[in-house]
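Participant: Next up, protein-v7.txt (compact mmCIF, C-alpha atoms).
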```txt
# COMPACT_ATOMS: atom_id res chain seq x y z
CA MET A 1 22.57 41.09 0.48
CA PHE A 2 23.02 38.96 3.59
CA ASP A 3 24.03 35.31 3.85
CA ALA A 4 26.09 33.62 6.56
CA ASP A 5 27.72 31.64 3.75
CA LYS A 6 30.04 34.06 1.92
CA SER A 7 30.41 31.70 -1.03
CA ALA A 8 26.64 31.78 -1.61
CA THR A 9 26.56 35.56 -1.98
CA LYS A 10 29.61 35.53 -4.27
CA CYS A 11 27.94 32.92 -6.47
CA LEU A 12 24.73 34.95 -6.71
CA VAL A 13 26.45 38.26 -7.39
CA ALA A 14 28.43 36.62 -10.19
CA ARG A 15 25.14 35.75 -11.90
CA LEU A 16 23.72 39.28 -11.67
CA THR A 17 24.15 42.05 -14.23
CA THR A 18 24.36 44.64 -11.43
CA ARG A 19 27.73 44.50 -9.72
CA ASN A 20 27.39 47.34 -7.19
CA ILE A 21 25.93 45.15 -4.44
CA SER A 22 26.98 45.20 -0.80
CA CYS A 23 27.26 41.73 0.73
CA PHE A 24 27.27 40.84 4.41
CA SER A 25 27.87 37.60 6.30
CA ASP A 26 27.52 39.08 9.78
CA PHE A 27 24.07 40.25 10.89
CA THR A 28 25.44 43.03 13.11
CA ASP A 29 27.41 44.42 10.17
CA LEU A 30 24.29 44.27 8.02
CA ILE A 31 22.02 46.24 10.35
CA SER A 32 24.77 48.80 10.99
CA SER A 33 25.25 49.50 7.31
CA THR A 34 24.03 52.58 5.46
CA GLU A 35 22.35 50.37 2.87
CA PHE A 36 20.25 48.65 5.51
CA LYS A 37 19.30 51.88 7.26
CA GLN A 38 18.09 53.35 3.98
CA SER A 39 15.99 50.29 3.13
CA SER A 40 12.34 49.69 4.02
CA LEU A 41 11.79 46.10 2.84
CA VAL A 42 13.58 42.80 3.52
CA LEU A 43 13.01 39.70 1.39
CA GLU A 44 13.78 36.41 3.14
CA CYS A 45 14.57 33.59 0.72
CA ALA A 46 16.96 31.49 2.80
CA SER A 47 15.38 28.95 5.16
CA GLN A 48 12.97 28.43 8.02
CA GLU A 49 15.90 28.77 10.42
CA ALA A 50 16.66 32.20 8.96
CA VAL A 51 13.10 33.28 9.71
CA ARG A 52 13.41 32.07 13.30
CA LEU A 53 16.73 33.85 13.79
CA PHE A 54 16.22 37.16 12.04
CA ALA A 55 12.52 38.00 11.52
CA ARG A 56 11.98 39.33 15.04
CA PRO A 57 14.93 41.77 15.06
CA LEU A 58 14.15 42.94 11.53
CA LEU A 59 10.56 43.80 12.42
CA LYS A 60 11.75 45.54 15.60
CA LEU A 61 13.99 47.67 13.39
CA GLY A 62 10.97 48.84 11.45
CA LYS A 63 11.45 46.83 8.26
CA ASP A 64 8.62 45.36 6.22
CA MET A 65 9.26 41.66 5.52
CA ILE A 66 8.43 39.28 2.72
CA ILE A 67 8.84 35.71 3.93
CA MET A 68 9.39 32.90 1.45
CA SER A 69 10.12 30.12 3.99
CA VAL A 70 6.56 30.19 5.24
CA GLY A 71 6.90 26.77 6.87
CA ALA A 72 8.58 28.51 9.82
CA LEU A 73 5.19 29.99 10.70
CA THR A 74 3.93 26.54 11.66
CA ASP A 75 5.40 27.56 15.01
CA SER A 76 2.38 29.36 16.49
CA ALA A 77 4.51 31.13 19.11
CA LEU A 78 6.79 32.54 16.41
CA LEU A 79 3.82 33.61 14.30
CA SER A 80 2.21 35.31 17.28
CA ASP A 81 5.45 37.15 18.10
CA LEU A 82 5.87 38.34 14.52
CA LEU A 83 2.29 39.57 14.32
CA ASP A 84 2.68 41.46 17.60
CA LEU A 85 5.98 43.00 16.51
CA SER A 86 4.52 43.96 13.15
CA ALA A 87 1.64 45.76 14.86
CA GLU A 88 3.86 47.42 17.47
CA ASN A 89 6.34 48.73 14.92
CA GLY A 90 3.95 49.60 12.10
CA THR A 91 5.53 47.12 9.74
CA SER A 92 4.07 44.63 7.28
CA LEU A 93 4.54 40.86 7.15
CA VAL A 94 3.84 39.66 3.62
CA LEU A 95 3.65 36.13 2.22
CA PRO A 96 3.90 35.56 -1.54
CA THR A 97 1.35 33.05 -2.80
CA GLY A 98 4.22 30.98 -4.15
CA ALA A 99 3.67 27.96 -6.36
CA ILE A 100 -0.11 27.70 -5.98
CA ALA A 101 -3.18 29.70 -7.04
CA GLY A 102 -6.57 30.33 -5.46
CA ILE A 103 -5.36 31.84 -2.19
CA ASP A 104 -7.60 34.88 -2.70
CA ALA A 105 -10.63 32.58 -3.00
CA ILE A 106 -9.65 30.56 0.09
CA ARG A 107 -9.28 33.74 2.14
CA SER A 108 -12.59 35.10 0.89
CA ALA A 109 -14.42 31.86 1.76
CA ARG A 110 -12.61 31.30 5.08
CA GLU A 111 -15.61 31.70 7.39
CA GLY A 112 -17.64 29.09 5.54
CA LEU A 113 -14.86 26.63 4.70
CA LYS A 114 -15.52 22.97 5.50
CA SER A 115 -12.42 21.30 4.08
CA VAL A 116 -9.15 22.17 2.36
CA LYS A 117 -6.76 19.62 0.90
CA LEU A 118 -3.46 19.93 -0.93
CA ILE A 119 -2.13 17.14 -3.15
CA THR A 120 1.54 17.65 -4.03
CA THR A 121 3.21 15.39 -6.59
CA LYS A 122 6.95 15.55 -7.21
CA ASN A 123 9.82 13.64 -8.75
CA PRO A 124 12.09 11.98 -6.15
CA LYS A 125 14.85 14.52 -6.85
CA ALA A 126 12.52 17.30 -5.76
CA LEU A 127 12.09 15.66 -2.34
CA GLU A 128 15.71 14.80 -1.59
CA GLY A 129 16.89 15.63 1.91
CA ALA A 130 13.45 15.69 3.53
CA PRO A 131 13.62 14.42 7.17
CA PHE A 132 10.58 12.21 6.49
CA PHE A 133 12.63 9.60 4.65
CA ARG A 134 15.30 9.38 7.33
CA LYS A 135 12.73 9.15 10.13
CA ASN A 136 10.84 6.36 8.38
CA ASN A 137 13.87 4.54 6.94
CA ILE A 138 12.57 4.92 3.38
CA ASN A 139 14.87 4.78 0.36
CA LEU A 140 13.40 7.56 -1.76
CA HIS A 141 15.18 6.49 -4.93
CA ALA A 142 13.91 2.92 -4.64
CA ILE A 143 10.40 4.19 -5.40
CA ASN A 144 9.82 3.28 -9.05
CA LYS A 145 6.13 4.09 -9.52
CA ARG A 146 3.60 6.73 -8.50
CA THR A 147 3.29 6.33 -4.70
CA THR A 148 1.54 8.24 -1.94
CA ILE A 149 4.13 8.55 0.83
CA TYR A 150 2.37 10.92 3.21
CA TYR A 151 -1.14 11.92 4.21
CA GLY A 152 -1.80 14.09 7.24
CA THR A 153 -2.06 17.63 8.54
CA ALA A 154 -0.23 20.60 7.06
CA ALA A 155 1.56 21.03 10.40
CA GLU A 156 3.09 17.55 10.23
CA ALA A 157 3.79 17.83 6.50
CA ILE A 158 5.86 20.95 7.03
CA LEU A 159 7.88 19.33 9.81
CA ASN A 160 8.58 16.28 7.66
CA PHE A 161 9.20 18.17 4.39
CA PRO A 162 10.47 21.62 5.49
CA ALA A 163 12.01 22.57 2.14
CA ASN A 164 9.35 21.03 -0.08
CA VAL A 165 5.82 22.06 0.92
CA ASN A 166 5.84 25.75 1.85
CA VAL A 167 2.65 25.93 -0.21
CA ALA A 168 0.93 23.94 2.55
CA SER A 169 1.74 26.75 4.99
CA ILE A 170 0.34 29.41 2.68
CA LEU A 171 -2.84 27.41 2.17
CA ALA A 172 -3.27 26.73 5.89
CA LEU A 173 -2.68 30.33 6.95
CA ALA A 174 -5.16 31.56 4.35
CA GLY A 175 -7.85 29.08 5.33
CA LEU A 176 -8.51 26.52 8.06
CA GLY A 177 -5.16 26.52 9.84
CA MET A 178 -2.33 24.03 10.16
CA GLN A 179 -4.26 21.25 11.91
CA LYS A 180 -7.34 21.24 9.67
CA THR A 181 -5.63 21.60 6.30
CA MET A 182 -4.85 18.15 4.94
CA VAL A 183 -1.87 17.31 2.74
CA ARG A 184 -1.14 14.33 0.51
CA ILE A 185 2.40 13.98 -0.89
CA VAL A 186 2.95 11.75 -3.90
CA VAL A 187 6.24 10.61 -5.42
CA ASP A 188 6.19 10.03 -9.17
CA PRO A 189 9.53 9.17 -10.87
CA ARG A 190 8.02 9.82 -14.30
CA ILE A 191 7.26 13.51 -13.93
CA ARG A 192 9.68 16.41 -14.36
CA TYR A 193 7.53 19.14 -12.85
CA ASN A 194 6.10 20.00 -9.42
CA GLN A 195 2.34 19.52 -9.33
CA HIS A 196 0.07 21.08 -6.71
CA GLU A 197 -3.68 20.49 -6.56
CA VAL A 198 -5.86 22.49 -4.18
CA ILE A 199 -9.29 21.08 -3.34
CA ALA A 200 -11.66 23.04 -1.09
CA GLU A 201 -15.33 22.89 -0.17
CA GLY A 202 -17.51 25.17 1.86
CA LYS A 203 -20.55 27.38 1.94
CA PHE A 204 -19.24 29.14 -1.20
CA GLY A 205 -19.26 25.89 -3.22
CA LYS A 206 -16.28 23.84 -4.46
CA LEU A 207 -12.82 24.79 -5.68
CA ASN A 208 -10.35 22.63 -7.57
CA ILE A 209 -7.13 24.09 -8.98
CA LYS A 210 -4.25 22.07 -10.40
CA LEU A 211 -0.90 23.54 -11.37
CA LYS A 212 1.94 21.80 -13.16
CA ASN A 213 4.92 23.98 -12.31
CA ASN A 214 8.26 23.95 -14.06
CA GLN A 215 11.09 23.48 -11.58
CA ALA A 216 13.48 26.32 -10.78
CA GLU A 217 16.77 26.03 -12.63
CA GLY A 218 19.29 24.27 -10.40
CA ASN A 219 16.78 23.60 -7.60
CA PRO A 220 14.13 20.95 -8.34
CA ARG A 221 12.63 21.41 -4.86
CA THR A 222 11.36 24.85 -5.85
CA SER A 223 8.89 25.77 -8.57
CA TYR A 224 9.79 28.58 -10.94
CA LEU A 225 6.40 30.15 -10.21
CA ALA A 226 7.43 30.59 -6.56
CA ILE A 227 10.35 32.75 -7.69
CA LEU A 228 8.11 34.79 -9.99
CA SER A 229 5.67 35.23 -7.12
CA ALA A 230 8.38 36.69 -4.90
CA ILE A 231 9.50 39.08 -7.63
CA GLU A 232 5.95 40.27 -8.27
CA THR A 233 5.32 40.72 -4.55
CA VAL A 234 8.35 42.98 -4.27
CA ARG A 235 7.38 44.84 -7.44
CA SER A 236 3.77 45.48 -6.57
CA SER A 237 3.67 45.44 -2.75
CA SER A 238 1.75 42.17 -2.35
CA VAL A 239 -0.58 42.12 -5.35
CA ARG A 240 0.39 38.43 -5.47
CA GLY A 241 0.90 38.10 -1.73
CA PHE A 242 -1.17 38.70 1.36
CA ARG A 243 -0.48 40.48 4.58
CA ILE A 244 -0.72 38.40 7.71
CA GLY A 245 -2.97 39.83 10.39
CA THR A 246 -5.19 41.85 8.05
```
Represent the structure contained in this file as structure tokens.

Facilitator:
Amino acid sequence: MFDADKSATKCLVARLTTRNISCFSDFTDLISSTEFKQSSLVLECASQEAVRLFARPLLKLGKDMIIMSVGALTDSALLSDLLDLSAENGTSLVLPTGAIAGIDAIRSAREGLKSVKLITTKNPKALEGAPFFRKNNINLHAINKRTTIYYGTAAEAILNFPANVNVASILALAGLGMQKTMVRIVVDPRIRYNQHEVIAEGKFGKLNIKLKNNQAEGNPRTSYLAILSAIETVRSSSVRGFRIGT
């Protein structure tokens, strides 16, 4: 287990039933360890910055990667680098489908897609800390009724809400891309779940999927389904995820 914050790893280990876990806070120590050398798969579940810092060297070292902070791949140069490194080193780059459904249908219909839209509705607590509110001088907790606060491209949504709409990245990468996938973000103080609605049209017909996701315990920004998706991706080698570049 690797985290630059030692207290974070200690906290997690304390919650696990397995105690024989090696923890690292220095990346050089991690990649020099026997445990790392014997591993074949790395699961990133930290942040977009972690993807930017560590995904390249991990792929170069021949490790398959599951990336949870998919918003980092809004950076087309980073995505291109990771795809090239994955091909050069014979490794896989896998994205869990996260807190939404229908990704398999979007991928299948990609060539004939005309429009893809994501409508995300969350309680204010699930959006705390997003740069959008600071940039626009908006008091998030002053919103007392259902309010649309953002409508625009997936690319801009991810920049403004980096810890809140990773599902927009998954949807965009599976379908029309970051600039053509549209995102609406709604604040609703009355709800206690994270709702995602995917609406797509194309040559295949129409798709409309709505999920009301329970929030992850202790982290309202994340849906519990996203955690289950990561676990299932590890367990079954991307039955619930998809490999970028294939």

Participant: Do a neighbour search on range 49-55 of chain A at 9 Å with only C-alpha atoms, toss out local chain neighbours closer than 2 positions, and write the hits as a PyMOL selection string.

Facilitator: chain A and resi 27+44-47+57-60+65+67+69-70+72-73+78+82

Participant: Rank A:Asn219, A:Arg235, A:Ala172, A:Glu35 by their smallest atom-to-atom distance to Arg110 in chain A, using only C-alpha atoms, and report the top residue only.

Facilitator: A:Ala172

Participant: By how many Å are CA of Ser25 in chain A and CA of Ser92 in chain A apart?

Facilitator: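 We find that CA of Ser25 in chain A and CA of Ser92 in chain A lie 24.8 Å from each other.
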
Participant: If we draw a sphere of 9 Å around (10.2, 21.5, -10.4), which residues have at least one atom in it when counting all atoms listed in the file? Please report them as a PyMOL selection string.

Facilitator: chain A and resi 122-123+126+192-195+212-217+219-224

Participant: Using all atoms listed in the file, what does the table of range 23-102 of chain A residues within 12 Å of range 114-118 of chain A look like, with each row giving the shortest atom pair and its distance in Å to one decimal, sorted by chain and ascending number, as JSON lines?

Facilitator:
```
{"residue": "A:Ile100", "atom": "CA", "partner": "A:Leu118", "partner_atom": "CA", "distance": 9.9}
{"residue": "A:Ala101", "atom": "CA", "partner": "A:Leu118", "partner_atom": "CA", "distance": 11.5}
{"residue": "A:Gly102", "atom": "CA", "partner": "A:Val116", "partner_atom": "CA", "distance": 11.6}
```

Participant: Go through A:Ala142, A:Ala226, A:Met68, A:Val234 and flag the residue nearest Ser169 in chain A, using all atoms listed in the file for the distances.

Facilitator: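 The closest residue to Ser169 in chain A is A:Met68.
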
Participant: Please determine, counting only C-alpha atoms, which residue among A:Ala77, A:Ala109, A:Ile119, A:Ala99 has the shortest atom-to-atom distance to Asn166 in chain A.

Facilitator: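 With only C-alpha atoms as the atom set, the closest residue is A:Ala99.
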
Participant: Just want the 6 Å neighbourhood of range 158-164 of chain A, counted on all atoms listed in the file, with same-chain residues fewer than 2 positions away dropped. Output as a list in words.

Facilitator: Gly71, Ala130, Pro131, Phe132, Ala155, Glu156 and Arg221 of chain A

Participant: Show me the residues around (-4.8, 27.2, 1.2) - criterion: an atom at most 10 Å away, all atoms listed in the file counted - as a VMD selection string.

Facilitator: chain A and resid 97 100 to 107 110 116 to 118 154 167 to 178 181 to 182 198 to 200

Participant: May I have the residues from that selection written out with C-alpha atoms, as a PDB file, keeping the file's coordinate frame?

Facilitator:
```pdb
ATOM      1  CA  THR A  97       1.350  33.050  -2.800  1.00  0.00           C
ATOM      2  CA  ILE A 100      -0.110  27.700  -5.980  1.00  0.00           C
ATOM      3  CA  ALA A 101      -3.180  29.700  -7.040  1.00  0.00           C
ATOM      4  CA  GLY A 102      -6.570  30.330  -5.460  1.00  0.00           C
ATOM      5  CA  ILE A 103      -5.360  31.840  -2.190  1.00  0.00           C
ATOM      6  CA  ASP A 104      -7.600  34.880  -2.700  1.00  0.00           C
ATOM      7  CA  ALA A 105     -10.630  32.580  -3.000  1.00  0.00           C
ATOM      8  CA  ILE A 106      -9.650  30.560   0.090  1.00  0.00           C
ATOM      9  CA  ARG A 107      -9.280  33.740   2.140  1.00  0.00           C
ATOM     10  CA  ARG A 110     -12.610  31.300   5.080  1.00  0.00           C
ATOM     11  CA  VAL A 116      -9.150  22.170   2.360  1.00  0.00           C
ATOM     12  CA  LYS A 117      -6.760  19.620   0.900  1.00  0.00           C
ATOM     13  CA  LEU A 118      -3.460  19.930  -0.930  1.00  0.00           C
ATOM     14  CA  ALA A 154      -0.230  20.600   7.060  1.00  0.00           C
ATOM     15  CA  VAL A 167       2.650  25.930  -0.210  1.00  0.00           C
ATOM     16  CA  ALA A 168       0.930  23.940   2.550  1.00  0.00           C
ATOM     17  CA  SER A 169       1.740  26.750   4.990  1.00  0.00           C
ATOM     18  CA  ILE A 170       0.340  29.410   2.680  1.00  0.00           C
ATOM     19  CA  LEU A 171      -2.840  27.410   2.170  1.00  0.00           C
ATOM     20  CA  ALA A 172      -3.270  26.730   5.890  1.00  0.00           C
ATOM     21  CA  LEU A 173      -2.680  30.330   6.950  1.00  0.00           C
ATOM     22  CA  ALA A 174      -5.160  31.560   4.350  1.00  0.00           C
ATOM     23  CA  GLY A 175      -7.850  29.080   5.330  1.00  0.00           C
ATOM     24  CA  LEU A 176      -8.510  26.520   8.060  1.00  0.00           C
ATOM     25  CA  GLY A 177      -5.160  26.520   9.840  1.00  0.00           C
ATOM     26  CA  MET A 178      -2.330  24.030  10.160  1.00  0.00           C
ATOM     27  CA  THR A 181      -5.630  21.600   6.300  1.00  0.00           C
ATOM     28  CA  MET A 182      -4.850  18.150   4.940  1.00  0.00           C
ATOM     29  CA  VAL A 198      -5.860  22.490  -4.180  1.00  0.00           C
ATOM     30  CA  ILE A 199      -9.290  21.080  -3.340  1.00  0.00           C
ATOM     31  CA  ALA A 200     -11.660  23.040  -1.090  1.00  0.00           C
TER      32      ALA A 200
END
```

Participant: Which of these, A:Ile209, A:Lys145, A:Lys37, A:Pro96, has the shortest distance to Ser236 in chain A once you count all atoms listed in the file?

Facilitator: A:Pro96

Participant: Considering all atoms listed in the file, state which residue in the set A:Asp81, A:Lys180, A:Ile21, A:Thr34 is at the smallest distance from Thr153 in chain A.

Facilitator: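 Answer, going by the shortest atom-to-atom distance: A:Lys180.
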
Participant: Hey, can you check how far CA of Asn136 in chain A sits from CA of Ile149 in chain A?

Facilitator: 10.3 Å

Participant: Quote the spacing between CA of Asn137 in chain A and CA of Thr120 in chain A in Å to one decimal place.

Facilitator: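 Straight-line distance from CA of Asn137 in chain A to CA of Thr120 in chain A works out to 21.1 Å.
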